[in-house]
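Visitor: So here's final-v4.cif, just mmCIF, C-alpha atoms and all ligand atoms:
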```
data_protein
loop_
_atom_site.label_atom_id
_atom_site.label_comp_id
_atom_site.auth_asym_id
_atom_site.auth_seq_id
_atom_site.Cartn_x
_atom_site.Cartn_y
_atom_site.Cartn_z
CA MET A 1 17.63 -62.19 -68.17
CA THR A 2 14.88 -59.87 -69.46
CA ALA A 3 15.95 -56.68 -71.24
CA THR A 4 14.78 -53.45 -69.59
CA LYS A 5 11.78 -52.21 -71.52
CA LYS A 6 10.86 -49.07 -69.65
CA THR A 7 12.12 -46.85 -66.86
CA HIS A 8 9.49 -45.24 -64.64
CA ARG A 9 10.36 -42.02 -62.83
CA ILE A 10 8.72 -42.13 -59.43
CA THR A 11 8.78 -39.54 -56.67
CA LEU A 12 9.53 -41.29 -53.40
CA ILE A 13 8.60 -39.76 -50.05
CA ALA A 14 9.98 -42.14 -47.44
CA GLY A 15 8.14 -40.28 -44.68
CA ASP A 16 8.97 -40.44 -40.99
CA GLY A 17 8.29 -42.78 -38.06
CA ILE A 18 8.14 -46.23 -39.66
CA GLY A 19 8.12 -44.59 -43.12
CA PRO A 20 11.80 -45.12 -43.99
CA GLU A 21 11.63 -48.77 -42.88
CA VAL A 22 8.50 -49.68 -44.83
CA SER A 23 9.48 -47.69 -47.92
CA GLY A 24 13.00 -49.22 -47.84
CA ALA A 25 11.41 -52.68 -47.82
CA VAL A 26 9.04 -51.80 -50.66
CA VAL A 27 11.75 -50.30 -52.87
CA LYS A 28 13.84 -53.44 -52.39
CA ILE A 29 10.92 -55.69 -53.42
CA LEU A 30 9.98 -53.52 -56.42
CA GLU A 31 13.57 -53.43 -57.61
CA ALA A 32 13.71 -57.24 -57.51
CA ALA A 33 10.34 -57.61 -59.25
CA GLY A 34 11.28 -54.99 -61.84
CA ALA A 35 14.61 -56.70 -62.60
CA ALA A 36 12.78 -59.94 -63.32
CA THR A 37 10.05 -58.40 -65.46
CA GLY A 38 12.07 -55.87 -67.45
CA VAL A 39 10.93 -52.78 -65.60
CA ALA A 40 13.28 -50.19 -64.10
CA PHE A 41 12.50 -47.54 -61.51
CA ASP A 42 14.18 -44.16 -61.33
CA TRP A 43 13.37 -43.13 -57.76
CA HIS A 44 13.35 -39.42 -56.94
CA PRO A 45 13.55 -39.29 -53.12
CA TYR A 46 12.34 -36.30 -51.09
CA ASP A 47 11.66 -35.44 -47.47
CA ALA A 48 8.37 -33.93 -46.32
CA GLY A 49 7.12 -32.64 -42.98
CA ALA A 50 9.36 -32.06 -39.97
CA ASN A 51 12.37 -33.77 -41.64
CA ALA A 52 12.11 -31.46 -44.65
CA PHE A 53 11.64 -28.40 -42.46
CA GLU A 54 14.87 -29.13 -40.59
CA LYS A 55 16.82 -29.31 -43.84
CA THR A 56 15.10 -26.73 -46.06
CA GLY A 57 12.89 -24.53 -43.89
CA GLU A 58 9.81 -25.77 -45.80
CA TYR A 59 7.43 -28.57 -44.82
CA ILE A 60 6.84 -29.45 -48.44
CA PRO A 61 9.88 -28.24 -50.40
CA LYS A 62 9.17 -26.72 -53.81
CA VAL A 63 11.43 -29.34 -55.42
CA LEU A 64 9.05 -32.02 -54.11
CA TYR A 65 6.04 -30.29 -55.66
CA ASP A 66 7.97 -29.95 -58.92
CA SER A 67 8.96 -33.60 -58.85
CA ILE A 68 5.37 -34.85 -58.42
CA GLU A 69 4.18 -32.46 -61.10
CA LYS A 70 6.78 -33.80 -63.50
CA ASN A 71 6.64 -37.52 -62.65
CA ARG A 72 2.87 -37.55 -62.00
CA VAL A 73 3.29 -40.58 -59.76
CA ALA A 74 4.53 -40.75 -56.17
CA LEU A 75 4.94 -43.49 -53.61
CA LYS A 76 4.62 -42.05 -50.15
CA GLY A 77 5.38 -43.36 -46.66
CA PRO A 78 3.51 -41.90 -43.69
CA VAL A 79 4.38 -38.38 -42.53
CA THR A 80 3.57 -37.40 -38.94
CA THR A 81 0.81 -34.83 -38.51
CA PRO A 82 1.10 -32.90 -35.23
CA VAL A 83 -2.01 -33.18 -33.03
CA GLY A 84 -3.82 -30.06 -31.80
CA GLY A 85 -1.43 -27.54 -33.34
CA GLY A 86 1.75 -27.30 -35.44
CA PHE A 87 1.93 -27.45 -39.20
CA ALA A 88 -0.92 -28.54 -41.49
CA SER A 89 -1.14 -32.19 -42.51
CA ILE A 90 1.31 -32.93 -45.32
CA ASN A 91 -1.02 -35.64 -46.63
CA VAL A 92 -3.97 -33.27 -46.85
CA THR A 93 -1.86 -30.48 -48.36
CA LEU A 94 -0.54 -32.75 -51.12
CA ARG A 95 -4.02 -34.10 -51.88
CA LYS A 96 -5.34 -30.57 -52.27
CA LYS A 97 -2.40 -29.22 -54.25
CA PHE A 98 -2.65 -31.98 -56.88
CA GLU A 99 -6.46 -32.26 -56.76
CA LEU A 100 -6.28 -35.91 -55.75
CA PHE A 101 -10.02 -36.02 -55.23
CA ALA A 102 -10.45 -39.79 -54.94
CA ASN A 103 -9.09 -41.90 -52.15
CA PHE A 104 -9.32 -45.55 -53.09
CA ARG A 105 -8.84 -48.20 -50.41
CA PRO A 106 -9.40 -51.88 -51.14
CA VAL A 107 -9.94 -54.02 -48.02
CA LYS A 108 -9.22 -57.64 -48.83
CA ASN A 109 -7.99 -60.67 -46.95
CA LEU A 110 -4.59 -62.13 -47.66
CA PRO A 111 -4.38 -65.92 -47.98
CA GLY A 112 -3.29 -67.83 -44.90
CA LEU A 113 -4.00 -65.02 -42.48
CA LYS A 114 -6.65 -66.00 -39.98
CA THR A 115 -9.18 -63.21 -39.51
CA LYS A 116 -12.70 -63.04 -38.14
CA TYR A 117 -14.11 -62.36 -41.61
CA PRO A 118 -12.44 -64.67 -44.15
CA GLY A 119 -12.92 -63.88 -47.82
CA LEU A 120 -13.86 -60.26 -47.24
CA ASP A 121 -13.43 -58.04 -50.27
CA LEU A 122 -14.76 -54.50 -50.06
CA VAL A 123 -13.63 -51.13 -51.33
CA ILE A 124 -13.78 -47.72 -49.68
CA VAL A 125 -14.06 -44.78 -52.05
CA ARG A 126 -13.52 -41.64 -50.02
CA GLU A 127 -13.83 -38.04 -51.16
CA ASN A 128 -10.38 -36.64 -50.50
CA MET A 129 -10.45 -32.84 -50.52
CA GLU A 130 -13.56 -31.44 -48.87
CA ASP A 131 -15.55 -31.89 -45.68
CA LEU A 132 -13.98 -30.94 -42.34
CA TYR A 133 -10.60 -31.57 -43.99
CA ALA A 134 -10.92 -28.20 -45.70
CA GLY A 135 -9.03 -27.06 -42.58
CA LEU A 136 -11.23 -23.99 -42.12
CA GLU A 137 -11.29 -23.45 -38.36
CA HIS A 138 -11.36 -20.26 -36.38
CA GLU A 139 -12.01 -18.98 -32.90
CA VAL A 140 -15.28 -17.02 -32.89
CA VAL A 141 -14.72 -15.68 -29.37
CA PRO A 142 -12.45 -17.15 -26.69
CA GLY A 143 -13.86 -20.55 -25.77
CA VAL A 144 -15.88 -20.93 -28.98
CA VAL A 145 -14.32 -22.46 -32.08
CA GLN A 146 -15.93 -23.06 -35.44
CA ALA A 147 -14.87 -25.70 -38.00
CA LEU A 148 -16.42 -25.54 -41.44
CA LYS A 149 -17.63 -28.65 -43.19
CA ILE A 150 -17.46 -27.94 -46.92
CA ILE A 151 -19.48 -30.18 -49.23
CA THR A 152 -19.92 -29.16 -52.85
CA GLU A 153 -22.04 -30.45 -55.69
CA LYS A 154 -18.94 -30.64 -57.88
CA GLY A 155 -16.87 -32.61 -55.34
CA SER A 156 -19.70 -34.98 -54.42
CA THR A 157 -20.67 -35.67 -58.02
CA ARG A 158 -17.05 -36.25 -58.98
CA ILE A 159 -16.43 -38.84 -56.25
CA ALA A 160 -19.77 -40.56 -56.87
CA LYS A 161 -18.96 -40.79 -60.57
CA PHE A 162 -15.55 -42.24 -59.71
CA ALA A 163 -17.11 -44.92 -57.49
CA PHE A 164 -19.75 -45.92 -60.04
CA ASP A 165 -17.27 -45.94 -62.92
CA TYR A 166 -14.99 -48.16 -60.86
CA ALA A 167 -17.88 -50.49 -60.02
CA ARG A 168 -18.90 -50.79 -63.67
CA LYS A 169 -15.35 -51.37 -64.88
CA HIS A 170 -14.60 -54.01 -62.24
CA GLY A 171 -17.93 -55.80 -62.13
CA ARG A 172 -18.86 -54.63 -58.64
CA LYS A 173 -22.54 -54.94 -57.86
CA LYS A 174 -23.43 -52.62 -55.01
CA ILE A 175 -22.64 -49.15 -53.67
CA HIS A 176 -23.61 -47.77 -50.27
CA ALA A 177 -23.40 -44.00 -49.83
CA ILE A 178 -22.55 -43.29 -46.17
CA HIS A 179 -23.96 -40.19 -44.52
CA LYS A 180 -25.43 -38.44 -41.49
CA ALA A 181 -28.05 -36.48 -43.43
CA ASN A 182 -30.57 -36.87 -40.62
CA ILE A 183 -28.46 -34.35 -38.66
CA MET A 184 -26.42 -32.55 -41.35
CA LYS A 185 -29.40 -32.07 -43.61
CA LEU A 186 -27.82 -29.53 -45.94
CA SER A 187 -24.26 -30.80 -46.32
CA ASP A 188 -24.79 -34.57 -46.20
CA GLY A 189 -28.13 -34.00 -47.92
CA LEU A 190 -26.30 -32.45 -50.87
CA PHE A 191 -23.81 -35.33 -50.92
CA LEU A 192 -26.67 -37.84 -51.08
CA ARG A 193 -28.53 -35.98 -53.80
CA CYS A 194 -25.40 -36.00 -55.96
CA CYS A 195 -24.91 -39.75 -55.36
CA GLN A 196 -28.56 -40.40 -56.27
CA THR A 197 -28.25 -38.42 -59.50
CA VAL A 198 -25.10 -40.28 -60.56
CA ALA A 199 -26.64 -43.64 -59.57
CA LYS A 200 -29.38 -43.16 -62.16
CA ASP A 201 -26.80 -43.54 -64.95
CA PHE A 202 -25.73 -46.94 -63.56
CA PRO A 203 -28.92 -48.99 -63.30
CA GLU A 204 -27.01 -52.30 -63.14
CA ILE A 205 -25.39 -51.27 -59.82
CA ALA A 206 -27.56 -51.49 -56.71
CA TYR A 207 -27.48 -48.21 -54.82
CA HIS A 208 -28.19 -47.91 -51.08
CA GLU A 209 -27.74 -45.32 -48.34
CA HIS A 210 -26.66 -46.04 -44.76
CA ILE A 211 -26.22 -43.67 -41.85
CA VAL A 212 -22.61 -43.66 -40.68
CA ASP A 213 -23.15 -44.80 -37.08
CA ASN A 214 -25.39 -47.65 -38.20
CA THR A 215 -22.74 -48.50 -40.80
CA CYS A 216 -20.17 -49.06 -38.03
CA MET A 217 -22.52 -51.51 -36.32
CA GLN A 218 -23.50 -53.20 -39.57
CA LEU A 219 -19.86 -53.55 -40.58
CA VAL A 220 -18.92 -55.32 -37.38
CA MET A 221 -22.03 -57.54 -37.49
CA ASN A 222 -21.77 -58.46 -41.16
CA PRO A 223 -19.24 -56.68 -43.39
CA TYR A 224 -20.07 -59.06 -46.28
CA GLN A 225 -23.25 -57.06 -46.95
CA TYR A 226 -21.08 -54.25 -48.36
CA ASP A 227 -19.29 -54.09 -51.67
CA ILE A 228 -18.28 -50.44 -52.16
CA LEU A 229 -18.59 -47.78 -49.45
CA LEU A 230 -18.87 -44.31 -50.95
CA THR A 231 -18.08 -41.69 -48.33
CA GLU A 232 -17.27 -38.12 -47.57
CA ASN A 233 -13.77 -37.41 -46.31
CA LEU A 234 -14.02 -37.80 -42.52
CA TYR A 235 -16.39 -40.79 -42.47
CA GLY A 236 -14.06 -42.48 -44.97
CA ASP A 237 -11.05 -41.88 -42.74
CA ILE A 238 -12.74 -43.45 -39.72
CA LEU A 239 -14.31 -46.36 -41.62
CA SER A 240 -10.93 -47.16 -43.22
CA ASP A 241 -9.31 -47.83 -39.86
CA LEU A 242 -12.34 -49.85 -38.76
CA CYS A 243 -12.32 -51.95 -41.92
CA SER A 244 -8.57 -52.50 -41.73
CA ALA A 245 -9.19 -54.49 -38.53
CA PHE A 246 -11.30 -57.00 -40.51
CA VAL A 247 -8.33 -58.09 -42.61
CA GLY A 248 -5.55 -58.00 -40.02
CA GLY A 249 -5.04 -54.35 -39.12
CA LEU A 250 -3.47 -51.15 -40.33
CA GLY A 251 -0.30 -52.90 -41.44
CA LEU A 252 -2.17 -54.35 -44.41
CA VAL A 253 -4.52 -51.90 -46.10
CA PRO A 254 -3.26 -49.95 -49.11
CA GLY A 255 -4.46 -46.70 -50.58
CA ALA A 256 -4.33 -44.60 -53.72
CA ASN A 257 -4.96 -40.86 -53.96
CA LEU A 258 -6.07 -40.26 -57.51
CA GLY A 259 -6.62 -37.10 -59.51
CA THR A 260 -6.87 -36.38 -63.20
CA GLU A 261 -3.18 -35.46 -63.55
CA CYS A 262 -1.26 -37.11 -60.71
CA ALA A 263 -1.51 -39.99 -58.27
CA ILE A 264 0.05 -40.59 -54.87
CA PHE A 265 0.07 -44.10 -53.45
CA GLU A 266 0.23 -44.45 -49.68
CA ALA A 267 -0.87 -46.86 -46.95
CA VAL A 268 -3.89 -46.16 -44.76
CA HIS A 269 -1.75 -46.22 -41.61
CA GLY A 270 0.11 -43.34 -40.03
CA SER A 271 3.74 -43.04 -38.94
CA ALA A 272 3.29 -45.41 -35.93
CA PRO A 273 5.89 -43.73 -33.69
CA ASP A 274 5.40 -46.45 -31.06
CA ILE A 275 7.22 -49.00 -33.22
CA ALA A 276 9.45 -46.71 -35.34
CA GLY A 277 13.10 -47.70 -35.73
CA LYS A 278 12.55 -51.15 -34.21
CA ASP A 279 12.37 -53.25 -37.38
CA MET A 280 8.82 -54.17 -36.39
CA ALA A 281 6.66 -52.39 -38.95
CA ASN A 282 4.70 -54.39 -41.47
CA PRO A 283 5.44 -53.08 -44.98
CA THR A 284 2.47 -54.93 -46.53
CA ALA A 285 0.18 -51.89 -46.65
CA LEU A 286 2.72 -49.79 -48.54
CA LEU A 287 3.66 -52.78 -50.70
CA GLN A 288 0.04 -53.29 -51.69
CA SER A 289 -0.16 -49.55 -52.38
CA ALA A 290 2.84 -50.04 -54.66
CA VAL A 291 0.96 -52.85 -56.42
CA LEU A 292 -1.87 -50.40 -57.10
CA MET A 293 0.78 -48.00 -58.41
CA LEU A 294 2.21 -50.66 -60.74
CA HIS A 295 -1.23 -51.22 -62.24
CA HIS A 296 -1.66 -47.45 -62.54
CA ILE A 297 1.59 -47.12 -64.52
CA ASP A 298 0.50 -50.06 -66.66
CA GLU A 299 2.97 -52.66 -65.44
CA PRO A 300 0.60 -55.51 -64.60
CA ALA A 301 3.22 -58.28 -64.87
CA THR A 302 5.40 -56.60 -62.23
CA ALA A 303 2.33 -55.96 -60.07
CA GLU A 304 1.26 -59.59 -60.29
CA ARG A 305 4.76 -60.82 -59.47
CA VAL A 306 4.87 -58.68 -56.31
CA GLN A 307 1.35 -59.72 -55.28
CA ALA A 308 2.12 -63.41 -55.87
CA GLY A 309 5.32 -63.18 -53.77
CA LEU A 310 3.47 -61.37 -51.00
CA GLU A 311 0.62 -63.87 -50.96
CA GLN A 312 3.10 -66.76 -50.96
CA VAL A 313 4.77 -65.37 -47.81
CA TYR A 314 1.37 -65.06 -46.10
CA ARG A 315 0.30 -68.51 -47.25
CA GLU A 316 3.46 -70.03 -45.75
CA GLY A 317 3.06 -67.90 -42.62
CA LYS A 318 6.66 -68.42 -41.51
CA THR A 319 8.07 -64.91 -41.92
CA LEU A 320 5.35 -62.55 -40.78
CA THR A 321 5.62 -59.41 -38.67
CA LYS A 322 4.37 -59.15 -35.11
CA ASP A 323 1.14 -57.22 -35.87
CA VAL A 324 -0.18 -60.24 -37.78
CA GLY A 325 1.02 -62.83 -35.29
CA GLY A 326 4.55 -63.48 -36.56
CA THR A 327 7.98 -62.98 -35.03
CA SER A 328 9.93 -61.57 -37.99
CA GLY A 329 11.13 -58.04 -38.59
CA THR A 330 10.48 -55.66 -41.49
CA LYS A 331 13.73 -56.58 -43.24
CA ALA A 332 13.29 -60.35 -42.92
CA PHE A 333 9.75 -60.01 -44.26
CA ALA A 334 10.99 -58.05 -47.29
CA ASP A 335 13.70 -60.67 -47.95
CA ALA A 336 11.06 -63.41 -47.74
CA VAL A 337 8.90 -61.66 -50.36
CA VAL A 338 11.92 -61.26 -52.67
CA GLU A 339 12.72 -64.95 -52.22
CA ALA A 340 9.11 -65.98 -52.80
CA MET A 341 8.97 -63.97 -56.01
CA GLU A 342 12.00 -65.88 -57.26
CA ALA A 343 10.65 -69.30 -56.31
CA PRO A 344 8.16 -71.06 -58.57
CA VAL A 345 4.62 -70.13 -57.53
CA ALA A 346 3.03 -72.95 -55.51
CA ALA A 347 -0.41 -74.13 -56.48
CA ALA A 348 -3.10 -72.32 -54.55
P1 LIG A 401 -2.76 -41.11 -38.55
O1 LIG A 401 -3.76 -40.35 -37.75
O2 LIG A 401 -1.46 -40.40 -38.80
O3 LIG A 401 -3.34 -41.76 -39.78
P2 LIG A 401 -3.23 -43.41 -36.95
O4 LIG A 401 -4.01 -42.81 -35.86
O5 LIG A 401 -3.96 -44.18 -38.01
O6 LIG A 401 -2.29 -42.33 -37.65
P3 LIG A 401 -0.96 -45.10 -36.80
O7 LIG A 401 0.29 -44.31 -36.73
O8 LIG A 401 -1.29 -45.65 -38.12
O9 LIG A 401 -2.16 -44.28 -36.21
O10 LIG A 401 -0.86 -46.28 -35.74
C1 LIG A 401 -1.98 -46.87 -35.07
C2 LIG A 401 -1.54 -48.22 -34.47
O11 LIG A 401 -1.36 -49.17 -35.52
C3 LIG A 401 -0.23 -48.15 -33.70
O12 LIG A 401 -0.26 -48.97 -32.55
C4 LIG A 401 0.77 -48.68 -34.69
O13 LIG A 401 1.90 -49.29 -34.11
C5 LIG A 401 -0.02 -49.68 -35.52
N1 LIG A 401 0.47 -49.71 -36.89
C6 LIG A 401 0.27 -48.77 -37.84
N2 LIG A 401 0.90 -49.09 -38.96
C7 LIG A 401 1.53 -50.25 -38.75
C8 LIG A 401 2.38 -51.09 -39.55
N3 LIG A 401 2.69 -50.79 -40.82
N4 LIG A 401 2.88 -52.22 -38.99
C9 LIG A 401 2.56 -52.55 -37.73
N5 LIG A 401 1.78 -51.81 -36.92
C10 LIG A 401 1.28 -50.67 -37.42
#
```
Show this structure as structure tokens.
Guide:
Amino acid sequence: MTATKKTHRITLIAGDGIGPEVSGAVVKILEAAGAATGVAFDWHPYDAGANAFEKTGEYIPKVLYDSIEKNRVALKGPVTTPVGGGFASINVTLRKKFELFANFRPVKNLPGLKTKYPGLDLVIVRENMEDLYAGLEHEVVPGVVQALKIITEKGSTRIAKFAFDYARKHGRKKIHAIHKANIMKLSDGLFLRCCQTVAKDFPEIAYHEHIVDNTCMQLVMNPYQYDILLTENLYGDILSDLCSAFVGGLGLVPGANLGTECAIFEAVHGSAPDIAGKDMANPTALLQSAVLMLHHIDEPATAERVQAGLEQVYREGKTLTKDVGGTSGTKAFADAVVEAMEAPVAAA
């Protein structure tokens, strides 16, 4: 048995809808991987959104803010955002509060899973705090509503720098900035100018610009032409769901919200109320978000163990959830990953 070398304090927001099921599965897998690699987790669980409001009268309780501030790392399940009214998005509020300006979403195939685009490996880098997500909407006169799209030089330069730094560090070759500057000449024009300025400092990385609607078509025709998509907030949100379909759907794609002080790791998908409480949700997206988190907290051996177990389960294809063509439930899938992590890794 390996002696515990380090305990990581992690804020855990289980979320609602399928959140408690997928986060329960992920915690179980991380505990098993941590036990085998000498890493312990001290989970600090909190509610957010409607669940928290019922108990505390606050959508994001102060103790949750304090916990993230102290631990600097959170693993977060999806939290329902009411449509067309109700409280502000918890996800957006947390991203703003902790200045998590970069949303990082790797879109990669898992072994054994048949998809239309085998071997796809692209990354979406999405600005996470500005754009129409600034939440500045008001009624000008009855029947006329205005929503403000905020794009700043600081925010655009910061996210472009993040994308190019990531590309350089990880040997990525190409960045496409995604825009609609033919229509939004000032806002998307500013975003592009900032990307162009940053690109000059990275001559080894090919820099291109694509209009967002064309990008959707190009992605479906030939996603292999892209390496890193660098986007404003709303385009990134939409393209993330589109790209998730290339690798098997929303149940698979992970995400990291990164700032200079704190980081929150969460899946791309929402709370999926249609399948909540049915032991049907695929925890892979949150599990792969947790793998990103393990790298972030500098526990690569634990991260690799989890990833190897996950890939083994997909390679075998016997214990998959319904969204990816299997018949197993969330719990059985988690048990299979734990078992696969304990078994010797089969040759690829
Ligand atoms: P939001 O706007 O909150 O991000 P969304 O519009 O992306 O949410 P989701 O709640 O993610 O919507 O669900 C979209 C569809 O994908 C639903 O049919 C849902 O069941 C399915 N889905 C989402 N996540 C998963 C998952 N982890 N496992 C299986 N199916 C999922």
Visitor: Please, what distance in Å, to one decimal, runs between CA of Phe98 (chain A) and CA of Asp241 (chain A)?
Guide: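 Distance between the two atoms: 24.2 Å.
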Visitor: Determine, using all atoms listed in the file, which residues of chain A have any atom at most 8 Å from an atom of ligand LIG 401 (chain A), and tabulate each with its shortest atom pair and distance in Å to one decimal place, rows ordered by chain and then rising number, as JSON lines.
Guide:
```
{"residue": "A:Ile18", "atom": "CA", "partner": "A:LIG401", "partner_atom": "N3", "distance": 7.2}
{"residue": "A:Val22", "atom": "CA", "partner": "A:LIG401", "partner_atom": "N3", "distance": 7.1}
{"residue": "A:Pro78", "atom": "CA", "partner": "A:LIG401", "partner_atom": "O2", "distance": 7.1}
{"residue": "A:Val79", "atom": "CA", "partner": "A:LIG401", "partner_atom": "O2", "distance": 7.2}
{"residue": "A:Thr80", "atom": "CA", "partner": "A:LIG401", "partner_atom": "O2", "distance": 5.9}
{"residue": "A:Thr81", "atom": "CA", "partner": "A:LIG401", "partner_atom": "O2", "distance": 6.0}
{"residue": "A:Asp241", "atom": "CA", "partner": "A:LIG401", "partner_atom": "O5", "distance": 6.7}
{"residue": "A:Gly249", "atom": "CA", "partner": "A:LIG401", "partner_atom": "O11", "distance": 7.3}
{"residue": "A:Leu250", "atom": "CA", "partner": "A:LIG401", "partner_atom": "N2", "distance": 5.0}
{"residue": "A:Gly251", "atom": "CA", "partner": "A:LIG401", "partner_atom": "N3", "distance": 3.7}
{"residue": "A:Leu252", "atom": "CA", "partner": "A:LIG401", "partner_atom": "N3", "distance": 7.0}
{"residue": "A:Val268", "atom": "CA", "partner": "A:LIG401", "partner_atom": "O3", "distance": 6.7}
{"residue": "A:His269", "atom": "CA", "partner": "A:LIG401", "partner_atom": "O8", "distance": 3.6}
{"residue": "A:Gly270", "atom": "CA", "partner": "A:LIG401", "partner_atom": "O8", "distance": 3.3}
{"residue": "A:Ser271", "atom": "CA", "partner": "A:LIG401", "partner_atom": "O7", "distance": 4.3}
{"residue": "A:Ala272", "atom": "CA", "partner": "A:LIG401", "partner_atom": "O7", "distance": 3.3}
{"residue": "A:Pro273", "atom": "CA", "partner": "A:LIG401", "partner_atom": "O7", "distance": 6.4}
{"residue": "A:Asp274", "atom": "CA", "partner": "A:LIG401", "partner_atom": "O13", "distance": 5.4}
{"residue": "A:Ile275", "atom": "CA", "partner": "A:LIG401", "partner_atom": "O13", "distance": 5.4}
{"residue": "A:Met280", "atom": "CA", "partner": "A:LIG401", "partner_atom": "C9", "distance": 6.6}
{"residue": "A:Ala281", "atom": "CA", "partner": "A:LIG401", "partner_atom": "N4", "distance": 3.8}
{"residue": "A:Asn282", "atom": "CA", "partner": "A:LIG401", "partner_atom": "N4", "distance": 3.8}
{"residue": "A:Pro283", "atom": "CA", "partner": "A:LIG401", "partner_atom": "N3", "distance": 5.5}
{"residue": "A:Thr284", "atom": "CA", "partner": "A:LIG401", "partner_atom": "N3", "distance": 7.1}
{"residue": "A:Ala285", "atom": "CA", "partner": "A:LIG401", "partner_atom": "N3", "distance": 6.4}
{"residue": "A:Leu286", "atom": "CA", "partner": "A:LIG401", "partner_atom": "N3", "distance": 7.8}
{"residue": "A:Thr321", "atom": "CA", "partner": "A:LIG401", "partner_atom": "C9", "distance": 7.6}
{"residue": "A:Lys322", "atom": "CA", "partner": "A:LIG401", "partner_atom": "C9", "distance": 7.3}
{"residue": "A:Asp323", "atom": "CA", "partner": "A:LIG401", "partner_atom": "C9", "distance": 5.2}
```
Visitor: May I have the residues from that selection written out with C-alpha atoms, as a PDB file, keeping the file's coordinate frame?
Guide:
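Just written: out_39.pdb:
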```
ATOM      1  CA  ILE A  18       8.140 -46.230 -39.660  1.00  0.00           C
ATOM      2  CA  VAL A  22       8.500 -49.680 -44.830  1.00  0.00           C
ATOM      3  CA  PRO A  78       3.510 -41.900 -43.690  1.00  0.00           C
ATOM      4  CA  VAL A  79       4.380 -38.380 -42.530  1.00  0.00           C
ATOM      5  CA  THR A  80       3.570 -37.400 -38.940  1.00  0.00           C
ATOM      6  CA  THR A  81       0.810 -34.830 -38.510  1.00  0.00           C
ATOM      7  CA  ASP A 241      -9.310 -47.830 -39.860  1.00  0.00           C
ATOM      8  CA  GLY A 249      -5.040 -54.350 -39.120  1.00  0.00           C
ATOM      9  CA  LEU A 250      -3.470 -51.150 -40.330  1.00  0.00           C
ATOM     10  CA  GLY A 251      -0.300 -52.900 -41.440  1.00  0.00           C
ATOM     11  CA  LEU A 252      -2.170 -54.350 -44.410  1.00  0.00           C
ATOM     12  CA  VAL A 268      -3.890 -46.160 -44.760  1.00  0.00           C
ATOM     13  CA  HIS A 269      -1.750 -46.220 -41.610  1.00  0.00           C
ATOM     14  CA  GLY A 270       0.110 -43.340 -40.030  1.00  0.00           C
ATOM     15  CA  SER A 271       3.740 -43.040 -38.940  1.00  0.00           C
ATOM     16  CA  ALA A 272       3.290 -45.410 -35.930  1.00  0.00           C
ATOM     17  CA  PRO A 273       5.890 -43.730 -33.690  1.00  0.00           C
ATOM     18  CA  ASP A 274       5.400 -46.450 -31.060  1.00  0.00           C
ATOM     19  CA  ILE A 275       7.220 -49.000 -33.220  1.00  0.00           C
ATOM     20  CA  MET A 280       8.820 -54.170 -36.390  1.00  0.00           C
ATOM     21  CA  ALA A 281       6.660 -52.390 -38.950  1.00  0.00           C
ATOM     22  CA  ASN A 282       4.700 -54.390 -41.470  1.00  0.00           C
ATOM     23  CA  PRO A 283       5.440 -53.080 -44.980  1.00  0.00           C
ATOM     24  CA  THR A 284       2.470 -54.930 -46.530  1.00  0.00           C
ATOM     25  CA  ALA A 285       0.180 -51.890 -46.650  1.00  0.00           C
ATOM     26  CA  LEU A 286       2.720 -49.790 -48.540  1.00  0.00           C
ATOM     27  CA  THR A 321       5.620 -59.410 -38.670  1.00  0.00           C
ATOM     28  CA  LYS A 322       4.370 -59.150 -35.110  1.00  0.00           C
ATOM     29  CA  ASP A 323       1.140 -57.220 -35.870  1.00  0.00           C
TER      30      ASP A 323
END
```
Visitor: Which value, in Å to one decimal, gives the distance between CA of Gly84 (chain A) and CA of Gln146 (chain A)?
Guide: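 Taking CA of Gly84 (chain A) as the start and CA of Gln146 (chain A) as the end point, the length is 14.5 Å.
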Visitor: Fewer than 2 positions away in the same chain doesn't count, so skip those; otherwise give me all residues within 12 Å of Ala50 (chain A), counting all atoms listed in the file, as a PDB file with C-alpha atoms, in the frame of the given file.
Guide:
```pdb
ATOM      1  CA  GLY A  15       8.140 -40.280 -44.680  1.00  0.00           C
ATOM      2  CA  ASP A  16       8.970 -40.440 -40.990  1.00  0.00           C
ATOM      3  CA  GLY A  17       8.290 -42.780 -38.060  1.00  0.00           C
ATOM      4  CA  ASP A  47      11.660 -35.440 -47.470  1.00  0.00           C
ATOM      5  CA  ALA A  48       8.370 -33.930 -46.320  1.00  0.00           C
ATOM      6  CA  ALA A  52      12.110 -31.460 -44.650  1.00  0.00           C
ATOM      7  CA  PHE A  53      11.640 -28.400 -42.460  1.00  0.00           C
ATOM      8  CA  GLU A  54      14.870 -29.130 -40.590  1.00  0.00           C
ATOM      9  CA  LYS A  55      16.820 -29.310 -43.840  1.00  0.00           C
ATOM     10  CA  THR A  56      15.100 -26.730 -46.060  1.00  0.00           C
ATOM     11  CA  GLY A  57      12.890 -24.530 -43.890  1.00  0.00           C
ATOM     12  CA  GLU A  58       9.810 -25.770 -45.800  1.00  0.00           C
ATOM     13  CA  TYR A  59       7.430 -28.570 -44.820  1.00  0.00           C
ATOM     14  CA  ILE A  60       6.840 -29.450 -48.440  1.00  0.00           C
ATOM     15  CA  PRO A  61       9.880 -28.240 -50.400  1.00  0.00           C
ATOM     16  CA  VAL A  79       4.380 -38.380 -42.530  1.00  0.00           C
ATOM     17  CA  THR A  80       3.570 -37.400 -38.940  1.00  0.00           C
ATOM     18  CA  THR A  81       0.810 -34.830 -38.510  1.00  0.00           C
ATOM     19  CA  PRO A  82       1.100 -32.900 -35.230  1.00  0.00           C
ATOM     20  CA  GLY A  86       1.750 -27.300 -35.440  1.00  0.00           C
ATOM     21  CA  PHE A  87       1.930 -27.450 -39.200  1.00  0.00           C
ATOM     22  CA  ALA A  88      -0.920 -28.540 -41.490  1.00  0.00           C
ATOM     23  CA  SER A  89      -1.140 -32.190 -42.510  1.00  0.00           C
ATOM     24  CA  ILE A  90       1.310 -32.930 -45.320  1.00  0.00           C
TER      25      ILE A  90
END
```
